[in-house]
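S.K.: One file is attached below, structure-v7.csv, containing CSV, C-alpha atoms and all ligand atoms.
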chain,number,residue,atom,x,y,z
A,1,MET,CA,24.9,-13.2,-12.2
A,2,THR,CA,23.4,-9.7,-12.1
A,3,GLN,CA,21.7,-8.1,-9.1
A,4,THR,CA,18.4,-8.5,-10.8
A,5,GLU,CA,18.9,-12.2,-11.5
A,6,ASN,CA,20.0,-12.6,-7.9
A,7,SER,CA,16.8,-11.0,-6.6
A,8,VAL,CA,14.5,-13.1,-8.8
A,9,GLN,CA,16.3,-16.3,-7.8
A,10,ASP,CA,16.2,-15.3,-4.1
A,11,HIS,CA,12.5,-14.7,-4.4
A,12,ALA,CA,11.8,-17.9,-6.2
A,13,SER,CA,13.6,-20.0,-3.5
A,14,GLU,CA,11.7,-18.0,-0.8
A,15,ALA,CA,8.3,-18.6,-2.5
A,16,ALA,CA,9.0,-22.3,-2.8
A,17,ASP,CA,9.7,-22.4,0.9
A,18,SER,CA,7.0,-24.3,2.7
A,19,ALA,CA,7.2,-21.8,5.5
A,20,VAL,CA,5.4,-19.3,3.2
A,21,VAL,CA,1.7,-19.1,3.8
A,22,ARG,CA,-0.1,-19.6,0.5
A,23,VAL,CA,-3.7,-20.9,0.0
A,24,LEU,CA,-4.3,-20.3,-3.7
A,25,ALA,CA,-1.8,-21.4,-6.3
A,26,PRO,CA,-1.2,-18.9,-9.1
A,27,ASP,CA,-3.8,-20.7,-11.3
A,28,GLY,CA,-6.4,-20.1,-8.6
A,29,SER,CA,-6.7,-23.6,-7.4
A,30,LEU,CA,-6.9,-24.3,-3.7
A,31,ALA,CA,-3.4,-25.6,-2.9
A,32,PRO,CA,-2.5,-24.7,0.7
A,33,SER,CA,1.2,-24.8,1.6
A,34,ALA,CA,2.2,-26.6,4.8
A,35,ALA,CA,2.4,-23.3,6.6
A,36,ALA,CA,-1.2,-22.5,5.6
A,37,GLU,CA,-2.8,-25.4,7.5
A,38,PRO,CA,-3.5,-23.4,10.7
A,39,TYR,CA,-5.4,-20.8,8.7
A,40,LEU,CA,-7.7,-23.0,6.7
A,41,GLU,CA,-10.5,-22.9,9.2
A,42,ILE,CA,-10.7,-19.2,8.9
A,43,ILE,CA,-10.7,-19.4,5.1
A,44,GLU,CA,-13.4,-22.1,5.1
A,45,SER,CA,-15.6,-19.9,7.2
A,46,LEU,CA,-15.6,-17.0,4.7
A,47,SER,CA,-18.9,-16.6,2.9
A,48,ASP,CA,-19.4,-16.3,-0.8
A,49,ALA,CA,-20.2,-12.6,-0.3
A,50,GLU,CA,-16.9,-12.0,1.6
A,51,LEU,CA,-14.8,-13.8,-1.0
A,52,GLU,CA,-16.5,-11.9,-3.8
A,53,GLY,CA,-16.0,-8.7,-1.9
A,54,PHE,CA,-12.2,-9.3,-1.8
A,55,TYR,CA,-12.3,-9.6,-5.6
A,56,ARG,CA,-14.4,-6.5,-6.0
A,57,ASP,CA,-12.1,-4.5,-3.9
A,58,MET,CA,-9.1,-5.5,-6.0
A,59,VAL,CA,-10.7,-4.9,-9.4
A,60,VAL,CA,-12.2,-1.5,-8.4
A,61,ILE,CA,-8.9,-0.2,-7.0
A,62,ARG,CA,-7.0,-1.3,-10.1
A,63,ALA,CA,-9.4,0.7,-12.3
A,64,PHE,CA,-8.9,3.7,-10.0
A,65,ASP,CA,-5.2,3.3,-10.0
A,66,ARG,CA,-5.1,3.1,-13.8
A,67,GLN,CA,-7.2,6.2,-14.0
A,68,ALA,CA,-4.9,8.1,-11.6
A,69,THR,CA,-1.9,7.1,-13.6
A,70,ASN,CA,-3.5,8.4,-16.7
A,71,LEU,CA,-4.5,11.6,-15.0
A,72,GLN,CA,-0.8,12.2,-14.0
A,73,ARG,CA,0.2,11.5,-17.7
A,74,GLN,CA,-2.3,14.1,-18.8
A,75,GLY,CA,-0.8,16.7,-16.4
A,76,GLN,CA,-3.5,16.6,-13.8
A,77,LEU,CA,-1.4,15.2,-11.0
A,78,ALA,CA,2.2,16.0,-10.0
A,79,LEU,CA,3.0,12.3,-9.3
A,80,TRP,CA,1.3,9.0,-8.9
A,81,PRO,CA,2.6,5.9,-7.1
A,82,PRO,CA,0.8,2.9,-8.7
A,83,SER,CA,-0.5,0.0,-6.6
A,84,LEU,CA,-0.7,-2.3,-9.6
A,85,GLY,CA,0.1,-5.9,-8.5
A,86,GLN,CA,-0.1,-5.3,-4.7
A,87,GLU,CA,-3.9,-5.4,-4.4
A,88,ALA,CA,-4.1,-8.8,-2.7
A,89,ALA,CA,-1.7,-8.0,0.1
A,90,GLN,CA,-3.5,-4.8,0.8
A,91,VAL,CA,-7.1,-6.0,0.5
A,92,GLY,CA,-6.6,-9.1,2.6
A,93,SER,CA,-4.8,-7.3,5.4
A,94,VAL,CA,-7.1,-4.4,5.7
A,95,ARG,CA,-10.3,-6.5,5.5
A,96,ALA,CA,-8.8,-8.4,8.5
A,97,ALA,CA,-8.8,-5.2,10.6
A,98,ARG,CA,-11.7,-4.2,12.9
A,99,PRO,CA,-13.3,-0.7,12.8
A,100,GLN,CA,-11.6,0.2,16.1
A,101,ASP,CA,-8.1,-0.6,14.7
A,102,HIS,CA,-5.7,2.1,13.6
A,103,ILE,CA,-4.1,2.1,10.1
A,104,PHE,CA,-0.8,3.7,9.2
A,105,PRO,CA,-0.2,3.6,5.4
A,106,SER,CA,2.9,4.4,3.5
A,107,TYR,CA,2.0,6.0,0.1
A,108,ARG,CA,0.8,3.2,-2.1
A,109,GLU,CA,-2.0,1.8,0.0
A,110,HIS,CA,-4.9,3.2,-2.1
A,111,VAL,CA,-7.2,0.3,-1.5
A,112,VAL,CA,-6.4,0.3,2.2
A,113,ALA,CA,-7.5,3.9,2.5
A,114,ARG,CA,-10.6,3.3,0.3
A,115,ILE,CA,-11.8,0.3,2.3
A,116,ARG,CA,-11.5,2.3,5.6
A,117,GLY,CA,-13.7,5.0,4.2
A,118,VAL,CA,-11.2,7.6,2.8
A,119,ASP,CA,-12.5,9.3,-0.3
A,120,VAL,CA,-10.0,8.3,-3.0
A,121,VAL,CA,-10.1,11.9,-4.4
A,122,ASP,CA,-8.5,12.9,-1.1
A,123,ILE,CA,-5.5,10.8,-2.2
A,124,ILE,CA,-5.7,12.5,-5.6
A,125,ARG,CA,-5.6,15.9,-3.9
A,126,VAL,CA,-2.3,15.0,-2.2
A,127,MET,CA,-0.7,13.9,-5.5
A,128,ARG,CA,-2.0,17.0,-7.2
A,129,GLY,CA,-0.1,19.1,-4.7
A,130,LEU,CA,-3.2,20.7,-3.2
A,131,THR,CA,-2.6,19.5,0.4
A,132,HIS,CA,0.1,17.9,2.5
A,133,GLY,CA,-2.3,15.7,4.3
A,134,GLY,CA,-5.5,14.9,2.4
A,135,TRP,CA,-7.8,13.7,5.1
A,136,ASP,CA,-8.4,14.0,8.8
A,137,PRO,CA,-7.5,10.7,10.6
A,138,THR,CA,-9.7,11.8,13.6
A,139,ASP,CA,-12.8,12.1,11.3
A,140,PRO,CA,-14.8,8.9,11.9
A,141,ARG,CA,-15.5,8.7,8.2
A,142,ASN,CA,-11.9,7.9,7.6
A,143,GLY,CA,-11.8,4.8,9.7
A,144,ASN,CA,-8.8,5.7,11.8
A,145,THR,CA,-6.6,5.9,8.7
A,146,HIS,CA,-3.6,8.1,9.2
A,147,ILE,CA,-2.2,10.2,6.3
A,148,TYR,CA,0.2,9.0,3.7
A,149,THR,CA,3.9,9.3,4.6
A,150,LEU,CA,6.5,9.9,2.0
A,151,VAL,CA,9.4,9.9,4.5
A,152,LEU,CA,10.3,6.2,4.3
A,153,GLY,CA,9.6,4.3,7.5
A,154,SER,CA,8.6,7.2,9.7
A,155,GLN,CA,5.1,5.9,9.9
A,156,THR,CA,6.3,2.9,11.8
A,157,LEU,CA,7.4,5.2,14.6
A,158,HIS,CA,4.1,7.0,14.5
A,159,ALA,CA,2.3,3.7,14.6
A,160,THR,CA,4.4,2.4,17.5
A,161,GLY,CA,3.8,5.6,19.4
A,162,LEU,CA,0.1,5.3,19.1
A,163,ALA,CA,0.3,1.6,19.9
A,164,MET,CA,2.3,2.4,23.1
A,165,GLY,CA,-0.5,4.8,24.0
A,166,LEU,CA,-3.1,2.0,23.6
A,167,VAL,CA,-1.0,-0.1,26.1
A,168,PHE,CA,-0.8,2.8,28.6
A,169,ASP,CA,-4.5,3.6,28.3
A,170,GLY,CA,-5.5,0.0,28.8
A,171,LYS,CA,-7.1,-0.2,25.3
A,172,CYS,CA,-5.8,-3.6,24.5
A,173,GLY,CA,-5.5,-6.9,26.3
A,174,THR,CA,-8.8,-6.5,28.2
A,175,GLY,CA,-10.1,-9.8,26.8
A,176,ASP,CA,-13.0,-8.0,25.0
A,177,PRO,CA,-12.3,-8.4,21.2
A,178,GLU,CA,-15.1,-5.9,20.5
A,179,ARG,CA,-13.3,-3.2,22.5
A,180,ASP,CA,-9.5,-4.0,22.3
A,181,GLU,CA,-7.7,-2.0,19.7
A,182,ALA,CA,-4.7,-2.7,17.5
A,183,VAL,CA,-2.5,-1.0,14.9
A,184,VAL,CA,-1.5,-2.0,11.4
A,185,VAL,CA,1.5,-0.3,9.8
A,186,TYR,CA,2.4,-0.7,6.2
A,187,TYR,CA,5.9,-0.3,4.9
A,188,GLY,CA,8.1,-1.5,2.0
A,189,ASP,CA,11.2,-3.6,1.5
A,190,GLY,CA,13.3,-0.5,1.0
A,191,ALA,CA,11.8,1.2,4.1
A,192,SER,CA,12.7,-1.9,6.1
A,193,SER,CA,16.4,-0.8,5.9
A,194,GLN,CA,15.6,2.6,7.5
A,195,GLY,CA,16.7,3.1,11.1
A,196,ASP,CA,13.2,4.3,12.0
A,197,VAL,CA,11.7,0.9,11.3
A,198,HIS,CA,14.2,-0.8,13.5
A,199,GLU,CA,13.7,1.7,16.4
A,200,ALA,CA,10.0,1.2,16.0
A,201,MET,CA,10.4,-2.6,16.3
A,202,VAL,CA,12.6,-2.2,19.4
A,203,PHE,CA,10.0,-0.1,21.2
A,204,ALA,CA,7.1,-2.2,20.0
A,205,ALA,CA,8.8,-5.3,21.3
A,206,SER,CA,9.8,-3.7,24.6
A,207,TYR,CA,6.3,-2.3,25.3
A,208,ASN,CA,4.5,-5.3,23.9
A,209,THR,CA,2.4,-3.1,21.6
A,210,PRO,CA,-0.8,-4.4,19.9
A,211,GLU,CA,0.7,-3.9,16.5
A,212,VAL,CA,1.2,-5.7,13.2
A,213,PHE,CA,4.1,-4.6,11.0
A,214,PHE,CA,2.9,-5.4,7.5
A,215,LEU,CA,5.8,-5.4,5.1
A,216,GLN,CA,5.0,-5.5,1.4
A,217,ASN,CA,8.1,-6.9,-0.2
A,218,ASN,CA,7.4,-5.8,-3.8
A,219,GLN,CA,11.0,-6.8,-4.7
A,220,TRP,CA,12.2,-3.3,-5.6
A,221,ALA,CA,13.0,-0.1,-3.8
A,222,ILE,CA,12.9,2.1,-6.9
A,223,SER,CA,15.9,0.6,-8.8
A,224,VAL,CA,17.4,-1.4,-5.8
A,225,PRO,CA,16.5,-5.1,-5.7
A,226,VAL,CA,15.7,-6.7,-2.4
A,227,ALA,CA,18.8,-8.9,-2.5
A,228,THR,CA,20.9,-5.7,-2.1
A,229,GLN,CA,18.8,-4.7,1.0
A,230,SER,CA,19.2,-7.9,2.9
A,231,ARG,CA,21.2,-11.1,2.8
A,232,SER,CA,18.4,-13.0,4.6
A,233,PRO,CA,14.6,-13.0,4.1
A,234,LEU,CA,13.1,-9.8,5.5
A,235,HIS,CA,10.7,-11.5,7.8
A,236,LYS,CA,13.7,-12.6,9.8
A,237,ARG,CA,14.3,-9.0,10.8
A,238,GLY,CA,11.1,-9.0,12.9
A,239,GLU,CA,12.2,-12.3,14.5
A,240,GLY,CA,15.4,-10.6,15.5
A,241,TYR,CA,13.3,-8.3,17.7
A,242,GLY,CA,11.5,-11.2,19.2
A,243,MET,CA,8.3,-10.9,17.2
A,244,PRO,CA,6.5,-13.8,15.6
A,245,SER,CA,7.1,-13.1,11.9
A,246,ILE,CA,5.3,-14.8,9.1
A,247,PRO,CA,6.1,-14.8,5.3
A,248,ILE,CA,3.0,-15.0,3.1
A,249,ASP,CA,2.3,-15.1,-0.6
A,250,GLY,CA,1.3,-11.5,-1.0
A,251,ASN,CA,-0.5,-12.1,-4.2
A,252,ASP,CA,-2.9,-14.4,-2.5
A,253,VAL,CA,-5.7,-12.4,-0.9
A,254,LEU,CA,-6.8,-15.3,1.3
A,255,ALA,CA,-3.4,-15.8,2.8
A,256,SER,CA,-3.1,-12.1,3.5
A,257,TYR,CA,-6.6,-12.0,5.1
A,258,ALA,CA,-6.2,-15.1,7.4
A,259,VAL,CA,-2.7,-14.4,8.6
A,260,THR,CA,-3.3,-10.7,9.3
A,261,ARG,CA,-6.6,-11.6,11.1
A,262,VAL,CA,-4.8,-14.0,13.4
A,263,ALA,CA,-1.9,-11.6,14.0
A,264,LEU,CA,-4.3,-8.8,14.8
A,265,GLU,CA,-6.3,-10.9,17.2
A,266,GLU,CA,-3.2,-11.9,19.0
A,267,ALA,CA,-1.9,-8.3,19.1
A,268,ARG,CA,-5.3,-7.0,20.3
A,269,SER,CA,-5.4,-9.6,23.1
A,270,GLY,CA,-2.1,-8.4,24.5
A,271,ALA,CA,0.3,-11.0,23.1
A,272,GLY,CA,2.5,-8.2,21.6
A,273,PRO,CA,3.6,-7.1,18.1
A,274,ARG,CA,3.7,-9.4,15.1
A,275,ALA,CA,5.4,-9.0,11.7
A,276,ILE,CA,4.1,-10.2,8.3
A,277,GLU,CA,6.2,-10.2,5.1
A,278,ALA,CA,3.9,-10.3,2.0
A,279,LEU,CA,5.9,-11.4,-1.0
A,280,THR,CA,4.5,-9.5,-3.9
A,281,TYR,CA,5.6,-7.4,-6.9
A,282,ARG,CA,5.3,-3.9,-8.0
A,283,MET,CA,4.0,-4.5,-11.5
A,284,GLY,CA,4.1,-0.9,-12.5
A,285,ALA,CA,6.7,1.9,-12.2
A,286,HIS,CA,7.8,3.0,-8.8
A,287,THR,CA,6.0,6.3,-9.5
A,288,THR,CA,5.1,8.0,-12.8
A,289,SER,CA,8.6,9.6,-12.6
A,290,ASP,CA,10.3,6.2,-12.9
A,291,ASP,CA,11.1,4.0,-15.9
A,292,PRO,CA,11.5,0.4,-14.7
A,293,THR,CA,12.8,-0.8,-18.1
A,294,LYS,CA,16.1,0.8,-17.0
A,295,TYR,CA,16.8,-1.7,-14.3
A,296,ARG,CA,14.7,-4.9,-14.7
A,297,THR,CA,13.9,-7.3,-17.4
A,298,SER,CA,10.6,-8.0,-19.2
A,299,ASP,CA,11.1,-11.7,-18.4
A,300,GLU,CA,11.0,-10.9,-14.7
A,301,GLU,CA,7.9,-8.7,-15.2
A,302,LEU,CA,6.2,-11.4,-17.2
A,303,SER,CA,6.9,-14.0,-14.5
A,304,TRP,CA,4.8,-11.9,-12.1
A,305,VAL,CA,2.1,-11.3,-14.6
A,306,ARG,CA,1.5,-15.0,-14.4
A,307,ARG,CA,1.1,-14.6,-10.6
A,308,ASP,CA,-1.4,-11.7,-10.9
A,309,PRO,CA,-3.5,-11.5,-7.7
A,310,ILE,CA,-6.7,-10.6,-9.5
A,311,ALA,CA,-6.5,-13.3,-12.1
A,312,ARG,CA,-5.8,-15.8,-9.4
A,313,MET,CA,-8.9,-14.8,-7.3
A,314,ARG,CA,-11.1,-14.7,-10.4
A,315,ALA,CA,-10.1,-18.2,-11.4
A,316,PHE,CA,-10.8,-19.4,-7.8
A,317,LEU,CA,-14.3,-17.7,-7.8
A,318,GLU,CA,-15.2,-19.0,-11.2
A,319,ALA,CA,-14.4,-22.6,-10.1
A,320,ARG,CA,-16.7,-22.0,-7.1
A,321,GLY,CA,-19.4,-21.0,-9.5
A,322,ALA,CA,-19.5,-17.2,-9.2
A,323,SER,CA,-21.9,-16.0,-11.9
A,324,SER,CA,-20.9,-14.1,-15.0
A,325,ASP,CA,-23.3,-11.4,-13.8
A,326,PHE,CA,-21.2,-10.9,-10.8
A,327,PHE,CA,-18.1,-10.3,-12.8
A,328,THR,CA,-20.0,-7.9,-15.2
A,329,ASP,CA,-21.3,-6.0,-12.2
A,330,VAL,CA,-17.8,-5.6,-10.7
A,331,ASP,CA,-16.4,-4.3,-14.0
A,332,ALA,CA,-19.2,-1.8,-14.2
A,333,GLU,CA,-18.5,-0.6,-10.6
A,334,ALA,CA,-14.8,-0.3,-11.5
A,335,ASP,CA,-15.6,1.8,-14.5
A,336,ALA,CA,-17.9,4.0,-12.5
A,337,VAL,CA,-15.4,4.6,-9.8
A,338,ALA,CA,-12.7,5.4,-12.4
A,339,GLU,CA,-15.0,7.8,-14.2
A,340,ASP,CA,-16.1,9.5,-11.0
A,341,THR,CA,-12.4,10.0,-10.1
A,342,ARG,CA,-11.8,11.6,-13.5
A,343,VAL,CA,-14.8,13.9,-13.2
A,344,ARG,CA,-14.1,15.0,-9.7
A,345,THR,CA,-10.3,15.5,-10.4
A,346,MET,CA,-11.1,17.8,-13.3
A,347,GLN,CA,-13.3,19.9,-11.0
A,348,LEU,CA,-10.4,20.4,-8.5
A,349,ASP,CA,-8.7,23.7,-8.3
A,350,GLY,CA,-5.4,24.3,-9.9
A,351,ILE,CA,-2.3,24.5,-7.8
A,352,PRO,CA,-1.9,28.0,-6.5
A,353,ARG,CA,1.0,29.1,-8.6
A,354,ASN,CA,2.9,31.3,-6.1
A,355,LEU,CA,2.3,29.2,-3.0
A,356,MET,CA,5.6,27.4,-3.3
A,357,PHE,CA,7.5,30.7,-3.1
A,358,ASP,CA,5.6,32.0,-0.1
A,359,HIS,CA,7.2,30.0,2.7
A,360,VAL,CA,10.8,29.7,1.6
A,361,TYR,CA,12.0,32.6,3.7
A,362,SER,CA,10.1,34.7,6.2
A,363,GLU,CA,11.5,37.9,4.6
A,364,PRO,CA,11.4,38.8,0.8
A,365,HIS,CA,14.4,37.4,-1.0
A,366,PRO,CA,15.8,38.4,-4.4
A,367,LEU,CA,16.4,34.9,-5.6
A,368,VAL,CA,12.9,33.8,-4.8
A,369,ASP,CA,11.6,37.0,-6.5
A,370,GLU,CA,13.6,36.1,-9.6
A,371,GLN,CA,12.2,32.5,-9.6
A,372,ARG,CA,8.6,33.8,-9.1
A,373,GLN,CA,9.0,36.1,-12.0
A,374,TRP,CA,10.6,33.4,-14.2
A,375,LEU,CA,7.5,31.2,-13.6
A,376,ALA,CA,5.1,34.0,-14.4
A,377,ASP,CA,6.9,34.7,-17.7
A,378,TYR,CA,7.0,31.0,-18.5
A,379,GLU,CA,3.2,30.6,-17.9
A,380,ALA,CA,2.5,33.8,-19.9
A,381,SER,CA,4.5,32.4,-22.9
A,382,PHE,CA,1.8,29.9,-23.7
A,383,GLU,CA,-0.7,30.9,-26.3
A,384,GLU,CA,-3.6,30.6,-24.0
A,385,GLY,CA,-1.8,32.7,-21.3
A,386,THR,CA,-1.6,31.8,-17.6
A,387,SER,CA,-2.6,28.2,-16.9
A,401,LIG,C1,13.9,8.8,4.4
A,401,LIG,C2,13.7,8.7,2.9
A,401,LIG,N1,14.8,8.3,2.2
A,401,LIG,C3,14.7,8.2,0.9
A,401,LIG,C4,13.5,8.5,0.2
A,401,LIG,C5,13.4,8.4,-1.3
A,401,LIG,N2,12.6,7.2,-1.7
A,401,LIG,C6,11.3,7.3,-2.0
A,401,LIG,S1,10.6,5.8,-2.3
A,401,LIG,C7,12.0,5.0,-2.1
A,401,LIG,C8,12.1,3.5,-2.2
A,401,LIG,C9,11.1,2.8,-1.3
A,401,LIG,O1,11.0,1.5,-1.5
A,401,LIG,P1,10.1,0.5,-0.7
A,401,LIG,O2,10.2,0.8,0.8
A,401,LIG,O3,10.4,-0.9,-1.1
A,401,LIG,O4,8.6,0.9,-1.1
A,401,LIG,P2,7.9,0.8,-2.5
A,401,LIG,O5,8.1,2.2,-3.1
A,401,LIG,O6,8.6,-0.2,-3.3
A,401,LIG,O7,6.5,0.6,-2.2
A,401,LIG,C10,13.1,5.9,-1.8
A,401,LIG,C11,14.5,5.5,-1.5
A,401,LIG,C12,12.4,8.9,1.0
A,401,LIG,N3,11.2,9.1,0.5
A,401,LIG,N4,12.6,8.9,2.4
Write the structure described by the file as structure tokens, please.
Ligand SMILES: Cc1ncc(C[n+]2csc(CCOP(=O)(O)OP(=O)(O)O)c2C)c(N)n1
M.R.:
Amino acid sequence: MTQTENSVQDHASEAADSAVVRVLAPDGSLAPSAAAEPYLEIIESLSDAELEGFYRDMVVIRAFDRQATNLQRQGQLALWPPSLGQEAAQVGSVRAARPQDHIFPSYREHVVARIRGVDVVDIIRVMRGLTHGGWDPTDPRNGNTHIYTLVLGSQTLHATGLAMGLVFDGKCGTGDPERDEAVVVYYGDGASSQGDVHEAMVFAASYNTPEVFFLQNNQWAISVPVATQSRSPLHKRGEGYGMPSIPIDGNDVLASYAVTRVALEEARSGAGPRAIEALTYRMGAHTTSDDPTKYRTSDEELSWVRRDPIARMRAFLEARGASSDFFTDVDAEADAVAEDTRVRTMQLDGIPRNLMFDHVYSEPHPLVDEQRQWLADYEASFEEGTS
């Protein structure tokens, strides 16, 4: 058996496990797993507007994500990490957060950033190479969303540091849910093998931080399948540090919402950190620099198309009687956001050509001079001259 077959089989047996919280079956029918029972009251209390809002969030970001992927292909961005397929895990979890909570994304959480108020073109600016940061986490318009981190797992340390500060400052566990603050940190299955993540969990557990470690297990760390990363389900790693750790169907937005909401309420109230493992799938490439056909089968990809988080929620809403006008309106908003992204990206400055040479050495250096000249000659070789 190949590594890939192993990984798919491992996932299948994990998803079949009744310990996984799932509310919606892949066909969109309400079919709660045994582990979902404690969460049903929360789900039943959601209004039509809230349920439809989850769907809207997912459809709009998928259109944005597709547009950004196209913009990279057309030379407008240096790189793009698609979020295709992971919309439910992200939307449910971030909709469960309160305004006073602090969010630490990795680099694929586009809808998380958008929902908290970040302008999506700020993400585009990062991936165009115009800025290292993109937005100011202390600007109230950005909803306490910290900047993307490409150094795998390091954001879990930043998150834990901030969460420890909340403990020291008495900003959690006061019993006032309007005031108590918590932290959500996003990371991937590959990142879960980083020492940083484990150190963050040690400190979080020791200091009883108000923190939710939200792992999106999208089955692949570039070309490495999850079975190579761990011999046991990843949520067990959180348990090893003494944190309640819950596996959920990450393509079920309702499971993601309810489980994160409870975990955050517990964390905010002073009960300590929690871990969630959202079982999902990266339906696209790792980034636009990657070709997944080199390491995974189309059968595997198709098996996840059948579990698409957006199709699942749409079927659920249709069965509840959502109007066709609603779906038309969502599609129109998605098109408008994608179009606005394209227009505003095309208005951005180009990348300053010589900037990358400026900070290599503090003194002039012949090798850097040679490379700067090579680039200038290369640019000048195009018919239209310097780009
Ligand atoms: C410390 C560190 N090591 C290696 C890399 C190179 N790298 C970038 S993404 C990636 C895989 C990450 O996989 P995962 O954590 O599952 O997240 P995903 O990209 O699937 O969302 C690797 C190894 C990096 N960015 N940082």
S.K.: Please find the residues contacting ligand LIG 401 (chain A) at a distance of at most 7 Å between atoms, with all atoms listed in the file counted, and report them as an NGL selection string.
M.R.: :A and (108 or 150-153 or 187-192 or 217-222 or 282 or 286)
S.K.: Counting all atoms listed in the file, figure out which residue out of A:Ala332, A:Ser206, A:Val224, A:Val343 gets nearest to Lys294 (chain A).
M.R.: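 Of the candidates, the smallest distance to Lys294 (chain A) is held by A:Val224.
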S.K.: Around (2.7, -5.6, -13.0) in the file's frame, which residues reach within 9 Å when counting only C-alpha atoms? Return as a PDB file with C-alpha atoms, in the frame of the given file?
M.R.:
ATOM      1  CA  LEU A  84      -0.700  -2.300  -9.600  1.00  0.00           C
ATOM      2  CA  GLY A  85       0.100  -5.900  -8.500  1.00  0.00           C
ATOM      3  CA  GLN A  86      -0.100  -5.300  -4.700  1.00  0.00           C
ATOM      4  CA  TYR A 281       5.600  -7.400  -6.900  1.00  0.00           C
ATOM      5  CA  ARG A 282       5.300  -3.900  -8.000  1.00  0.00           C
ATOM      6  CA  MET A 283       4.000  -4.500 -11.500  1.00  0.00           C
ATOM      7  CA  GLY A 284       4.100  -0.900 -12.500  1.00  0.00           C
ATOM      8  CA  ALA A 285       6.700   1.900 -12.200  1.00  0.00           C
ATOM      9  CA  GLU A 301       7.900  -8.700 -15.200  1.00  0.00           C
ATOM     10  CA  LEU A 302       6.200 -11.400 -17.200  1.00  0.00           C
ATOM     11  CA  TRP A 304       4.800 -11.900 -12.100  1.00  0.00           C
ATOM     12  CA  VAL A 305       2.100 -11.300 -14.600  1.00  0.00           C
ATOM     13  CA  ASP A 308      -1.400 -11.700 -10.900  1.00  0.00           C
TER      14      ASP A 308
END
S.K.: Counting all atoms listed in the file, which of A:Leu348, A:Ala319, A:Val91, A:Ala376 gets nearest to Gly53 (chain A)?
M.R.: A:Val91
S.K.: Kindly provide the residues of region 261-364 of chain A that approach region 177-184 of chain A to within 10 Å, each paired with its closest atom pair and their distance in Å to one decimal, based on only C-alpha atoms, listed by chain and increasing number, as CSV.
M.R.:
residue,atom,partner,partner_atom,distance
A:Ala263,CA,A:Val184,CA,10.0
A:Leu264,CA,A:Ala182,CA,6.7
A:Glu265,CA,A:Pro177,CA,7.6
A:Glu266,CA,A:Ala182,CA,9.4
A:Ala267,CA,A:Ala182,CA,6.5
A:Arg268,CA,A:Ala182,CA,5.2
A:Ser269,CA,A:Asp180,CA,7.0
A:Gly270,CA,A:Asp180,CA,8.9
A:Gly272,CA,A:Ala182,CA,9.9
A:Pro273,CA,A:Val183,CA,9.2
A:Arg274,CA,A:Val184,CA,9.8
A:Ala275,CA,A:Val184,CA,9.8
S.K.: Can you measure CA of Leu367 (chain A) to CA of His132 (chain A) for me? One decimal in Å is fine.
M.R.: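 Interatomic distance here is 24.9 Å.
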S.K.: If we count all atoms listed in the file and set the cut-off at 12 Å, which residues sit around Thr345 (chain A), ignoring sequence neighbours fewer than 6 positions away in its own chain? Please answer as a list in words.
M.R.: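 Everything that qualifies: Phe64, Gln67, Ala68, Asn70, Leu71, Gln72, Gln74, Gly75, Gln76, Leu77, Val120, Val121, Asp122, Ile123, Ile124, Arg125, Val126, Met127, Arg128, Leu130, Ala338 and Glu339 of chain A.
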S.K.: Restricted to C-alpha atoms, what would the selected residues look like written as a compact mmCIF listing (two decimals), keeping the file's coordinate frame?
M.R.:
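Result file result28.txt:
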# COMPACT_ATOMS: atom_id res chain seq x y z
CA PHE A 64 -8.90 3.70 -10.00
CA GLN A 67 -7.20 6.20 -14.00
CA ALA A 68 -4.90 8.10 -11.60
CA ASN A 70 -3.50 8.40 -16.70
CA LEU A 71 -4.50 11.60 -15.00
CA GLN A 72 -0.80 12.20 -14.00
CA GLN A 74 -2.30 14.10 -18.80
CA GLY A 75 -0.80 16.70 -16.40
CA GLN A 76 -3.50 16.60 -13.80
CA LEU A 77 -1.40 15.20 -11.00
CA VAL A 120 -10.00 8.30 -3.00
CA VAL A 121 -10.10 11.90 -4.40
CA ASP A 122 -8.50 12.90 -1.10
CA ILE A 123 -5.50 10.80 -2.20
CA ILE A 124 -5.70 12.50 -5.60
CA ARG A 125 -5.60 15.90 -3.90
CA VAL A 126 -2.30 15.00 -2.20
CA MET A 127 -0.70 13.90 -5.50
CA ARG A 128 -2.00 17.00 -7.20
CA LEU A 130 -3.20 20.70 -3.20
CA ALA A 338 -12.70 5.40 -12.40
CA GLU A 339 -15.00 7.80 -14.20
S.K.: For CA of Ser223 (chain A) and CA of Ser289 (chain A), quote the distance in Å rounded to one decimal.
M.R.: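 So the answer is 12.2 Å.
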S.K.: Just to confirm, what's the straight-line distance from CA of Val262 (chain A) to CA of Glu41 (chain A) in Å (one decimal)?
M.R.: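 Rounded to one decimal, the two atoms are 11.4 Å apart.
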S.K.: Looking at A:Asn144, A:Ser93, A:Thr138, A:Thr69, which one is nearest to Val259 (chain A), with distances taken over only C-alpha atoms?
M.R.: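 For Val259 (chain A), the nearest of the given residues is A:Ser93.
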